[in-house]
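**Student:** Sharing work_33.csv below, CSV, C-alpha atoms:
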```
chain,number,residue,atom,x,y,z
A,40,MET,CA,115.4,155.7,86.0
A,41,ARG,CA,113.4,154.3,88.9
A,42,SER,CA,110.1,155.6,87.5
A,43,PHE,CA,111.0,153.9,84.2
A,44,THR,CA,111.6,150.6,85.9
A,45,PHE,CA,108.3,151.0,87.7
A,46,PHE,CA,106.6,151.8,84.3
A,47,LEU,CA,108.1,148.7,82.8
A,48,THR,CA,106.9,146.5,85.7
A,49,ALA,CA,103.4,148.0,85.3
A,50,VAL,CA,103.3,147.2,81.6
A,51,ALA,CA,104.5,143.7,82.1
A,52,THR,CA,101.9,143.1,84.8
A,53,MET,CA,99.1,144.5,82.6
A,54,ALA,CA,100.2,142.3,79.7
A,55,GLY,CA,100.1,139.3,82.0
A,56,LEU,CA,96.6,140.2,83.2
A,57,VAL,CA,95.3,140.7,79.6
A,58,ILE,CA,96.7,137.2,78.7
A,59,LEU,CA,94.9,135.7,81.7
A,60,ILE,CA,91.6,137.4,80.9
A,61,ALA,CA,91.6,136.7,77.2
A,62,PRO,CA,89.4,133.7,76.4
A,63,ASP,CA,90.9,130.6,75.2
A,64,PRO,CA,90.2,130.8,71.4
A,65,GLY,CA,89.4,127.1,71.2
A,66,ARG,CA,86.6,127.5,73.8
A,67,ALA,CA,85.3,130.9,72.7
A,68,ASP,CA,81.8,129.5,71.9
A,69,GLY,CA,81.4,128.4,75.6
A,70,GLN,CA,80.5,124.9,74.6
A,71,PRO,CA,82.7,122.1,76.0
A,72,ALA,CA,84.6,120.3,73.2
A,73,PRO,CA,83.2,116.8,72.8
A,74,PHE,CA,86.7,115.4,72.2
A,75,VAL,CA,90.3,116.4,72.6
A,76,THR,CA,91.4,118.9,69.9
A,77,GLU,CA,94.9,119.8,71.0
A,78,ILE,CA,97.9,117.5,71.5
A,79,PRO,CA,98.9,117.5,75.2
A,80,HIS,CA,102.3,119.2,75.7
A,81,GLY,CA,105.4,117.0,76.3
A,82,TYR,CA,103.6,113.7,76.2
A,83,ARG,CA,106.6,111.8,74.7
A,84,ASP,CA,108.4,112.4,78.0
A,85,TRP,CA,105.8,110.7,80.1
A,86,ARG,CA,106.4,107.4,81.8
A,87,TRP,CA,105.6,104.1,80.0
A,88,ILE,CA,102.6,102.0,81.1
A,89,SER,CA,102.6,99.1,78.7
A,90,SER,CA,102.9,97.9,75.1
A,91,ALA,CA,100.5,96.1,72.7
A,92,HIS,CA,100.4,94.6,69.3
A,93,GLU,CA,97.2,94.7,67.3
A,94,ALA,CA,97.2,92.2,64.5
A,95,GLY,CA,94.9,92.2,61.5
A,96,LYS,CA,93.9,95.3,59.7
A,97,LEU,CA,95.5,97.6,62.3
A,98,ASN,CA,98.9,95.8,62.2
A,99,SER,CA,100.1,98.1,64.9
A,100,LEU,CA,102.8,98.1,67.5
A,101,GLY,CA,101.9,100.5,70.3
A,102,ALA,CA,103.2,102.1,73.5
A,103,VAL,CA,101.0,103.6,76.2
A,104,LEU,CA,102.4,106.4,78.3
A,105,GLY,CA,100.8,108.3,81.2
A,106,ASN,CA,101.3,111.7,82.7
A,107,ASP,CA,102.3,111.7,86.4
A,108,ILE,CA,98.7,111.7,87.6
A,109,ALA,CA,97.7,108.7,85.4
A,110,PHE,CA,100.9,106.8,86.0
A,111,ASN,CA,100.7,107.1,89.8
A,112,ALA,CA,97.0,106.1,89.7
A,113,TRP,CA,97.9,103.0,87.7
A,114,ARG,CA,100.8,102.0,89.8
A,115,ASP,CA,98.8,102.5,93.0
A,116,GLY,CA,95.8,100.7,91.6
A,117,LYS,CA,93.6,103.7,92.1
A,118,LEU,CA,90.2,103.7,90.3
A,119,PRO,CA,88.6,105.8,88.9
A,120,PHE,CA,91.5,107.8,87.5
A,121,PRO,CA,91.5,111.2,89.0
A,122,ASP,CA,90.8,114.4,87.0
A,123,GLY,CA,94.0,115.5,85.3
A,124,SER,CA,94.9,112.0,84.2
A,125,ILE,CA,96.1,111.9,80.6
A,126,ILE,CA,96.9,108.7,78.8
A,127,ALA,CA,98.8,108.7,75.4
A,128,ALA,CA,98.7,105.7,73.0
A,129,LEU,CA,101.5,105.9,70.4
A,130,HIS,CA,100.9,103.7,67.4
A,131,TYR,CA,103.3,102.6,64.8
A,132,ARG,CA,103.2,100.1,61.9
A,133,ASN,CA,104.4,96.7,63.1
A,134,VAL,CA,107.3,96.0,60.7
A,135,PRO,CA,109.9,93.2,60.6
A,136,SER,CA,113.4,94.2,61.5
A,137,ASP,CA,115.7,92.7,58.8
A,138,GLU,CA,118.7,93.8,60.9
A,139,ASN,CA,117.6,92.0,64.0
A,140,ASN,CA,116.5,88.9,62.1
A,141,LYS,CA,119.9,88.6,60.5
A,142,VAL,CA,121.5,88.7,63.9
A,143,PHE,CA,119.1,86.2,65.4
A,144,GLY,CA,119.5,84.0,62.3
A,145,GLN,CA,115.7,83.7,61.9
A,146,ALA,CA,112.7,85.9,61.1
A,147,GLN,CA,111.2,86.7,64.6
A,148,SER,CA,111.7,90.4,65.3
A,149,PHE,CA,109.1,93.2,64.9
A,150,VAL,CA,109.7,96.8,65.6
A,151,PRO,CA,107.9,100.1,65.2
A,152,GLY,CA,107.8,101.4,61.6
A,153,LEU,CA,106.3,104.7,60.6
A,154,PRO,CA,104.1,106.3,63.2
A,155,THR,CA,100.4,106.0,62.3
A,156,ASN,CA,98.7,108.0,65.0
A,157,VAL,CA,98.7,109.2,68.6
A,158,GLN,CA,95.6,108.9,70.7
A,159,PHE,CA,94.8,110.5,74.1
A,160,MET,CA,92.4,110.0,76.9
A,161,VAL,CA,92.0,113.1,79.1
A,162,LYS,CA,90.1,112.8,82.4
A,163,ASP,CA,87.9,115.7,83.3
A,164,SER,CA,84.7,114.4,85.0
A,165,THR,CA,82.9,117.7,84.5
A,166,LYS,CA,83.9,118.6,81.0
A,167,TYR,CA,83.5,115.1,79.6
A,168,ALA,CA,80.7,114.0,81.9
A,169,ALA,CA,78.7,112.7,78.8
A,170,THR,CA,81.5,110.2,77.9
A,171,GLY,CA,82.4,108.7,81.3
A,172,GLY,CA,84.6,111.6,82.3
A,173,TRP,CA,87.0,111.0,79.5
A,174,GLY,CA,87.8,113.2,76.5
A,175,PHE,CA,89.1,111.2,73.6
A,176,GLY,CA,91.7,112.5,71.1
A,177,HIS,CA,93.1,111.1,67.9
A,178,PHE,CA,95.9,112.7,65.8
A,179,ALA,CA,97.4,111.5,62.6
A,180,ASP,CA,100.3,113.7,61.3
A,181,GLY,CA,99.3,116.2,64.0
A,182,LYS,CA,95.8,116.6,62.7
A,183,PRO,CA,92.8,115.7,64.9
A,184,GLY,CA,90.3,113.0,63.8
A,185,ASP,CA,86.9,114.3,62.4
A,186,ALA,CA,83.8,114.3,64.5
A,187,THR,CA,82.3,111.2,63.0
A,188,PHE,CA,85.4,109.1,63.7
A,189,MET,CA,85.7,110.5,67.3
A,190,LYS,CA,82.2,109.3,68.1
A,191,THR,CA,83.4,105.7,67.8
A,192,CYS,CA,85.8,106.0,70.8
A,193,PHE,CA,83.4,106.0,73.7
A,194,PRO,CA,81.0,103.2,72.7
A,195,CYS,CA,84.0,100.8,72.5
A,196,HIS,CA,85.7,102.0,75.7
A,197,GLU,CA,82.4,101.9,77.5
A,198,LYS,CA,82.7,98.1,77.6
A,199,THR,CA,85.4,98.4,80.2
A,200,THR,CA,83.5,100.1,83.0
A,201,ALA,CA,85.3,97.9,85.6
A,202,THR,CA,88.6,99.7,84.8
A,203,ASP,CA,87.2,103.2,84.3
A,204,LEU,CA,86.9,102.7,80.5
A,205,VAL,CA,90.6,102.0,80.1
A,206,PHE,CA,91.8,98.8,78.4
A,207,THR,CA,95.5,99.0,79.1
A,208,ARG,CA,96.9,97.4,82.3
A,209,TYR,CA,100.2,98.6,84.0
A,210,ALA,CA,103.1,96.3,83.1
A,211,PRO,CA,105.3,96.0,86.2
B,31,MET,CA,113.7,118.8,133.0
B,32,LYS,CA,116.6,119.9,130.8
B,33,ARG,CA,118.1,116.4,131.1
B,34,ILE,CA,114.8,114.8,129.9
B,35,ALA,CA,114.8,117.2,126.9
B,36,TYR,CA,118.4,116.1,126.1
B,37,SER,CA,117.6,112.4,126.3
B,38,LEU,CA,114.6,112.9,124.1
B,39,VAL,CA,116.7,114.7,121.5
B,40,ALA,CA,119.3,112.0,121.7
B,41,LEU,CA,116.7,109.3,121.4
B,42,ILE,CA,115.1,110.9,118.4
B,43,ALA,CA,118.5,111.4,116.7
B,44,LEU,CA,119.4,107.7,117.4
B,45,THR,CA,116.1,106.5,116.0
B,46,GLY,CA,116.7,108.6,112.9
B,47,ALA,CA,120.2,107.3,112.4
B,48,LEU,CA,119.0,103.7,112.8
B,49,ALA,CA,116.1,104.3,110.4
B,50,TYR,CA,118.5,105.8,107.9
B,51,MET,CA,120.9,102.9,108.2
B,52,ALA,CA,118.1,100.4,107.8
B,53,HIS,CA,116.9,102.2,104.7
B,54,ALA,CA,120.4,102.5,103.2
B,55,SER,CA,121.1,98.8,103.7
B,56,GLY,CA,117.7,98.0,102.2
B,57,ARG,CA,118.8,99.8,99.1
B,58,SER,CA,122.1,98.1,98.6
B,59,ASP,CA,121.1,94.5,99.1
B,60,GLY,CA,120.5,94.0,95.4
B,61,GLU,CA,122.7,91.3,94.0
B,62,ALA,CA,125.3,92.2,91.4
B,63,GLU,CA,125.3,90.3,88.2
B,64,PRO,CA,128.5,88.1,88.1
B,65,ILE,CA,130.4,89.0,84.9
B,66,PHE,CA,130.1,92.8,84.6
B,67,GLY,CA,129.2,93.5,88.2
B,68,ILE,CA,126.0,95.3,87.4
B,69,LYS,CA,123.1,95.7,89.9
B,70,ILE,CA,119.6,96.6,89.0
B,71,PRO,CA,119.7,100.4,88.5
B,72,PRO,CA,117.3,102.1,91.0
B,73,GLY,CA,114.2,103.7,89.5
B,74,TYR,CA,114.6,102.3,86.0
B,75,ARG,CA,110.9,101.6,85.6
B,76,ASP,CA,110.4,105.5,85.7
B,77,TRP,CA,112.8,106.1,82.8
B,78,LYS,CA,111.5,107.4,79.5
B,79,LEU,CA,110.5,105.2,76.6
B,80,ILE,CA,112.9,104.6,73.7
B,81,SER,CA,110.9,102.0,71.8
B,82,VAL,CA,108.9,98.8,71.9
B,83,ALA,CA,109.3,95.5,70.1
B,84,HIS,CA,107.8,92.0,69.6
B,85,GLU,CA,109.9,88.9,69.3
B,86,GLU,CA,108.3,85.8,67.9
B,87,GLY,CA,109.5,82.2,68.0
B,88,ASN,CA,111.0,80.8,71.2
B,89,LEU,CA,111.2,84.2,72.9
B,90,ASN,CA,107.5,85.0,72.1
B,91,ASP,CA,107.6,88.3,74.0
B,92,LEU,CA,106.5,91.9,74.0
B,93,ARG,CA,109.2,94.3,75.1
B,94,ALA,CA,109.9,97.9,76.0
B,95,LEU,CA,113.2,99.7,75.9
B,96,LEU,CA,113.6,102.5,78.5
B,97,GLY,CA,116.6,104.8,78.8
B,98,ASN,CA,118.0,106.9,81.6
B,99,ASP,CA,118.3,110.6,80.9
B,100,VAL,CA,121.8,110.3,79.4
B,101,ALA,CA,120.5,107.6,77.0
B,102,ILE,CA,117.4,109.5,76.0
B,103,LYS,CA,119.4,112.7,75.4
B,104,ALA,CA,121.9,110.8,73.2
B,105,TYR,CA,119.1,109.1,71.2
B,106,ARG,CA,117.2,112.3,70.6
B,107,ASN,CA,120.3,114.2,69.5
B,108,GLY,CA,121.6,111.3,67.5
B,109,ASN,CA,124.8,111.3,69.5
B,110,LEU,CA,127.0,108.3,68.8
B,111,PRO,CA,128.8,106.7,70.5
B,112,PHE,CA,126.6,106.8,73.6
B,113,PRO,CA,128.4,108.7,76.4
B,114,ASP,CA,129.6,107.0,79.6
B,115,GLY,CA,126.7,106.8,82.1
B,116,THR,CA,124.2,105.7,79.5
B,117,ILE,CA,122.0,102.9,80.7
B,118,ILE,CA,119.4,101.1,78.5
B,119,ALA,CA,116.8,98.9,80.1
B,120,ARG,CA,115.1,96.1,78.2
B,121,LEU,CA,111.9,94.9,79.8
B,122,ALA,CA,110.1,91.8,78.5
B,123,TRP,CA,106.8,90.0,79.1
B,124,SER,CA,105.2,87.0,77.6
B,125,TYR,CA,103.2,87.9,74.5
B,126,VAL,CA,99.6,86.9,75.3
B,127,PRO,CA,96.3,87.5,73.6
B,128,SER,CA,93.9,89.8,75.4
B,129,GLU,CA,90.4,88.3,75.6
B,130,GLU,CA,89.0,91.5,76.9
B,131,ASN,CA,90.3,93.6,74.1
B,132,ASN,CA,89.3,91.0,71.5
B,133,LYS,CA,85.8,90.9,72.8
B,134,ALA,CA,85.6,94.7,72.5
B,135,PHE,CA,87.0,94.6,69.0
B,136,GLY,CA,84.7,91.7,68.0
B,137,ARG,CA,87.7,89.7,66.7
B,138,ALA,CA,91.0,88.1,67.8
B,139,GLN,CA,93.6,90.7,67.1
B,140,SER,CA,95.0,92.1,70.4
B,141,PHE,CA,98.2,91.0,72.1
B,142,VAL,CA,99.4,92.5,75.4
B,143,ALA,CA,102.0,92.0,78.1
B,144,GLY,CA,101.5,88.9,80.2
B,145,PRO,CA,103.8,87.7,83.0
B,146,VAL,CA,107.3,89.3,83.2
B,147,THR,CA,110.1,87.2,81.6
B,148,ASN,CA,113.2,89.1,82.5
B,149,VAL,CA,114.9,92.5,82.5
B,150,GLN,CA,118.2,93.3,80.8
B,151,PHE,CA,120.5,96.3,81.0
B,152,MET,CA,123.3,97.7,78.9
B,153,VAL,CA,125.6,100.0,80.9
B,154,LYS,CA,128.1,102.3,79.1
B,155,ASP,CA,131.5,102.6,80.7
B,156,SER,CA,134.2,102.9,78.1
B,157,LYS,CA,137.0,102.1,80.5
B,158,LYS,CA,135.5,99.4,82.7
B,159,TYR,CA,134.0,97.5,79.8
B,160,ALA,CA,136.6,98.3,77.1
B,161,ALA,CA,136.8,94.7,76.1
B,162,THR,CA,133.1,94.6,75.1
B,163,GLY,CA,132.8,97.8,73.1
B,164,GLY,CA,132.4,99.9,76.2
B,165,TRP,CA,129.2,98.1,77.3
B,166,GLY,CA,128.4,96.0,80.3
B,167,PHE,CA,125.5,93.6,79.9
B,168,ALA,CA,123.2,92.2,82.6
B,169,GLN,CA,120.1,90.1,82.9
B,170,PHE,CA,117.8,89.7,85.9
B,171,LYS,CA,114.9,87.4,86.5
B,172,ASP,CA,112.6,87.9,89.5
B,173,GLY,CA,115.2,90.4,90.8
B,174,LYS,CA,118.0,87.9,90.7
B,175,PRO,CA,121.0,88.2,88.4
B,176,ASP,CA,121.4,85.6,85.7
B,177,ALA,CA,124.3,83.5,87.0
B,178,THR,CA,124.7,81.4,83.9
B,179,ALA,CA,127.2,81.8,81.2
B,180,ALA,CA,124.4,83.3,79.0
B,181,LEU,CA,125.9,86.8,79.5
B,182,LYS,CA,128.9,85.8,77.5
B,183,THR,CA,126.6,85.5,74.5
B,184,CYS,CA,125.5,89.2,74.7
B,185,PHE,CA,128.5,90.9,73.1
B,186,PRO,CA,129.1,88.6,70.2
B,187,CYS,CA,125.4,89.1,69.2
B,188,HIS,CA,125.5,92.9,69.7
B,189,GLU,CA,128.9,93.2,67.9
B,190,PRO,CA,127.3,93.3,64.3
B,191,GLY,CA,125.5,96.5,65.5
B,192,LYS,CA,128.8,98.4,65.7
B,193,ALA,CA,127.7,101.2,63.3
B,194,ARG,CA,125.2,102.3,66.0
B,195,ASP,CA,127.5,101.6,69.0
B,196,PHE,CA,126.3,98.0,69.4
B,197,VAL,CA,122.7,99.0,70.1
B,198,PHE,CA,120.0,97.5,68.0
B,199,THR,CA,117.0,99.6,69.2
B,200,GLN,CA,116.3,102.8,67.4
B,201,TYR,CA,114.3,105.7,68.9
B,202,ALA,CA,110.6,105.6,68.2
B,203,PRO,CA,109.5,109.2,67.7
```
Now that the file is in, can you turn its structure into structure tokens?
**Tutor:**
Amino acid sequence: MRSFTFFLTAVATMAGLVILIAPDPGRADGQPAPFVTEIPHGYRDWRWISSAHEAGKLNSLGAVLGNDIAFNAWRDGKLPFPDGSIIAALHYRNVPSDENNKVFGQAQSFVPGLPTNVQFMVKDSTKYAATGGWGFGHFADGKPGDATFMKTCFPCHEKTTATDLVFTRYAP
Amino acid sequence: MKRIAYSLVALIALTGALAYMAHASGRSDGEAEPIFGIKIPPGYRDWKLISVAHEEGNLNDLRALLGNDVAIKAYRNGNLPFPDGTIIARLAWSYVPSEENNKAFGRAQSFVAGPVTNVQFMVKDSKKYAATGGWGFAQFKDGKPDATAALKTCFPCHEPGKARDFVFTQYAP
């Protein structure tokens, strides 16, 4: 019985080692990904940084969340953001709320409609050195944006060097 | 020598106790709102996001709804009515254009959170607040409770939302 237990432990350890050694299939070619290709786990539980409304063509109502590293850096006013920071921008259609407007007695209330996309900024100053240390991600219906679209992120964010390429400010 | 050690230990213990008392009183000096007796819940800015909203007109604000763990769990599981212990925080800021964003976009389209306007809370306690659907309402401005009769207007307005336990905001996935 004891030798069987030992055997099981050995098998489990081996399995663990094999998983550790196996290359990440997404990085098998050894080339750093130019942008973020996987949705960071558990981002909807992150703390909230601020909200924004984009009028015009985007017609979007958005919330920006940060993982603990990003959130703490924001709150403590630390720049540049440390490696490991991840920022999530959740975007929804900006739609009027008939229910709220009825209660208010006037048309004034806008709420999130259908989700349009989720965008991410992942800080890794080595991996994403070519784009200011940030990897950009864009997912609509869970699918990443194509390479052409993703090339437009950095040139626009580059305009905010004073805040480490991040537009959003922490709302107290 | 032994006596010095004793005094040192006593001194450290006393300092610790004093520090603790100072800290504790620092925590409890928040003023309670007058009608429902609600204080600002500690740590609410760290709660998870329920949704965001924008109100035009006189309010002209941008808002975020955060929920404590009880609230978030109920929202995600679609549990109604909200259980006792639920707290929903409504944070609001002036709705202001962002010149910096607009410059980057090359057109005027971007609106962000400006100065804070106020923070409101809904606290669920089905016994204590039985007369108002089980909810206590509170509003704070600059950390001070709203002492006006404005709070009396909360429940009559929330009452039409009875089908969703008097809560207007729906969870944004």
**Student:** Excluding Phe135 of chain B and any residue of its chain fewer than 6 positions from it, enumerate the residues within 12 Å of it, using all atoms listed in the file, and give them as a ChimeraX atom specification.
**Tutor:** /A:93-97,191-192,194-196,198-199,206 /B:128-129
**Student:** For Ala94 of chain B, find every residue with an atom within 9 Å (counting all atoms listed in the file), except residues of its own chain fewer than 2 positions away, and show them as a short mmCIF file (atom, residue, chain, number, x, y, z; two decimals) with C-alpha atoms, keeping the file's coordinate frame.
**Tutor:**
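Below is the file that was written, out_13.cif:
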```cif
data_model
loop_
_atom_site.label_atom_id
_atom_site.label_comp_id
_atom_site.auth_asym_id
_atom_site.auth_seq_id
_atom_site.Cartn_x
_atom_site.Cartn_y
_atom_site.Cartn_z
CA TRP A 87 105.60 104.10 80.00
CA SER A 89 102.60 99.10 78.70
CA SER A 90 102.90 97.90 75.10
CA ALA A 102 103.20 102.10 73.50
CA LEU B 79 110.50 105.20 76.60
CA ILE B 80 112.90 104.60 73.70
CA SER B 81 110.90 102.00 71.80
CA VAL B 82 108.90 98.80 71.90
CA ALA B 83 109.30 95.50 70.10
CA HIS B 84 107.80 92.00 69.60
CA LEU B 92 106.50 91.90 74.00
CA LEU B 96 113.60 102.50 78.50
CA ALA B 119 116.80 98.90 80.10
CA ARG B 120 115.10 96.10 78.20
CA LEU B 121 111.90 94.90 79.80
CA ALA B 122 110.10 91.80 78.50
#
```
**Student:** Just want the 9 Å neighbourhood of Lys182 of chain A, counted on only C-alpha atoms, with same-chain residues fewer than 5 positions away dropped. Output as a list in words.
**Tutor:**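 Near neighbours after the sequence-gap exclusion: Thr76, Glu77 and His177 of chain A.
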**Student:** Which residues are near Asn111 of chain A? Cut-off 10 Å, all atoms listed in the file, ignore same chain within fewer than 4 positions. Put them as a list in words.
**Tutor:**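 Near neighbours after the sequence-gap exclusion: Arg86, Gly105, Asn106, Asp107, Asp115, Gly116, Lys117, Phe120 and Ser124 of chain A.
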**Student:** Write out as a tab-separated table the residues of chain B that have any atom within 7 Å of an atom of chain A, one row each with the nearest atom pair and its distance in Å to one decimal, counting all atoms listed in the file, sorted by chain and then rising number.
**Tutor:**
```
residue	atom	partner	partner_atom	distance
B:Asp76	CA	A:Arg86	CA	5.9
B:Trp77	CA	A:Arg86	CA	6.6
B:Lys78	CA	A:Arg86	CA	5.6
B:Leu79	CA	A:Trp87	CA	6.1
B:Val82	CA	A:Val150	CA	6.7
B:Ala83	CA	A:Val150	CA	4.7
B:His84	CA	A:Phe149	CA	5.0
B:Glu85	CA	A:Ser148	CA	4.6
B:Glu86	CA	A:Gln147	CA	4.5
B:Gly87	CA	A:Gln147	CA	5.9
B:Asn131	CA	A:Phe206	CA	6.9
B:Ala134	CA	A:Cys195	CA	6.3
B:Gln139	CA	A:Ala94	CA	4.7
B:Ser140	CA	A:Glu93	CA	4.6
B:Phe141	CA	A:His92	CA	5.1
B:Val142	CA	A:Ala91	CA	4.6
B:Ala143	CA	A:Ser90	CA	6.7
B:Cys187	CA	A:Val142	CA	6.6
B:Ala202	CA	A:Pro151	CA	6.8
```
**Student:** Model the absent atoms of segment 169-186 of chain A so that N, CA and C atoms are present, and write the result as a PDB file, in the frame of the given file.
**Tutor:**
```
ATOM      1  N   ALA A 169      79.578 113.456  79.741  1.00  0.00           N
ATOM      2  CA  ALA A 169      78.700 112.700  78.800  1.00  0.00           C
ATOM      3  C   ALA A 169      79.450 111.413  78.317  1.00  0.00           C
ATOM      4  N   THR A 170      80.771 111.384  78.411  1.00  0.00           N
ATOM      5  CA  THR A 170      81.500 110.200  77.900  1.00  0.00           C
ATOM      6  C   THR A 170      82.369 109.624  79.044  1.00  0.00           C
ATOM      7  N   GLY A 171      81.721 109.391  80.169  1.00  0.00           N
ATOM      8  CA  GLY A 171      82.400 108.700  81.300  1.00  0.00           C
ATOM      9  C   GLY A 171      83.481 109.476  81.941  1.00  0.00           C
ATOM     10  N   GLY A 172      83.533 110.792  81.706  1.00  0.00           N
ATOM     11  CA  GLY A 172      84.600 111.600  82.300  1.00  0.00           C
ATOM     12  C   GLY A 172      85.853 111.675  81.486  1.00  0.00           C
ATOM     13  N   TRP A 173      85.834 110.995  80.355  1.00  0.00           N
ATOM     14  CA  TRP A 173      87.000 111.000  79.500  1.00  0.00           C
ATOM     15  C   TRP A 173      86.795 111.732  78.192  1.00  0.00           C
ATOM     16  N   GLY A 174      87.767 112.553  77.839  1.00  0.00           N
ATOM     17  CA  GLY A 174      87.800 113.200  76.500  1.00  0.00           C
ATOM     18  C   GLY A 174      88.736 112.334  75.663  1.00  0.00           C
ATOM     19  N   PHE A 175      88.327 112.029  74.455  1.00  0.00           N
ATOM     20  CA  PHE A 175      89.100 111.200  73.600  1.00  0.00           C
ATOM     21  C   PHE A 175      89.789 112.070  72.481  1.00  0.00           C
ATOM     22  N   GLY A 176      91.019 111.726  72.137  1.00  0.00           N
ATOM     23  CA  GLY A 176      91.700 112.500  71.100  1.00  0.00           C
ATOM     24  C   GLY A 176      92.420 111.512  70.142  1.00  0.00           C
ATOM     25  N   HIS A 177      92.475 111.888  68.889  1.00  0.00           N
ATOM     26  CA  HIS A 177      93.100 111.100  67.900  1.00  0.00           C
ATOM     27  C   HIS A 177      93.826 112.004  66.896  1.00  0.00           C
ATOM     28  N   PHE A 178      95.130 111.834  66.725  1.00  0.00           N
ATOM     29  CA  PHE A 178      95.900 112.700  65.800  1.00  0.00           C
ATOM     30  C   PHE A 178      96.747 111.903  64.890  1.00  0.00           C
ATOM     31  N   ALA A 179      96.560 112.144  63.602  1.00  0.00           N
ATOM     32  CA  ALA A 179      97.400 111.500  62.600  1.00  0.00           C
ATOM     33  C   ALA A 179      98.144 112.686  61.902  1.00  0.00           C
ATOM     34  N   ASP A 180      99.474 112.617  61.851  1.00  0.00           N
ATOM     35  CA  ASP A 180     100.300 113.700  61.300  1.00  0.00           C
ATOM     36  C   ASP A 180      99.926 115.054  62.002  1.00  0.00           C
ATOM     37  N   GLY A 181      99.613 114.982  63.272  1.00  0.00           N
ATOM     38  CA  GLY A 181      99.300 116.200  64.000  1.00  0.00           C
ATOM     39  C   GLY A 181      97.905 116.731  63.865  1.00  0.00           C
ATOM     40  N   LYS A 182      97.122 116.117  62.970  1.00  0.00           N
ATOM     41  CA  LYS A 182      95.800 116.600  62.700  1.00  0.00           C
ATOM     42  C   LYS A 182      94.729 115.761  63.467  1.00  0.00           C
ATOM     43  N   PRO A 183      93.757 116.437  64.124  1.00  0.00           N
ATOM     44  CA  PRO A 183      92.800 115.700  64.900  1.00  0.00           C
ATOM     45  C   PRO A 183      91.797 114.910  63.988  1.00  0.00           C
ATOM     46  N   GLY A 184      91.278 113.805  64.511  1.00  0.00           N
ATOM     47  CA  GLY A 184      90.300 113.000  63.800  1.00  0.00           C
ATOM     48  C   GLY A 184      88.979 113.794  63.647  1.00  0.00           C
ATOM     49  N   ASP A 185      88.178 113.489  62.615  1.00  0.00           N
ATOM     50  CA  ASP A 185      86.900 114.300  62.400  1.00  0.00           C
ATOM     51  C   ASP A 185      85.860 113.768  63.423  1.00  0.00           C
ATOM     52  N   ALA A 186      84.792 114.549  63.526  1.00  0.00           N
ATOM     53  CA  ALA A 186      83.800 114.300  64.500  1.00  0.00           C
ATOM     54  C   ALA A 186      83.132 112.940  64.412  1.00  0.00           C
TER      55      ALA A 186
END
```
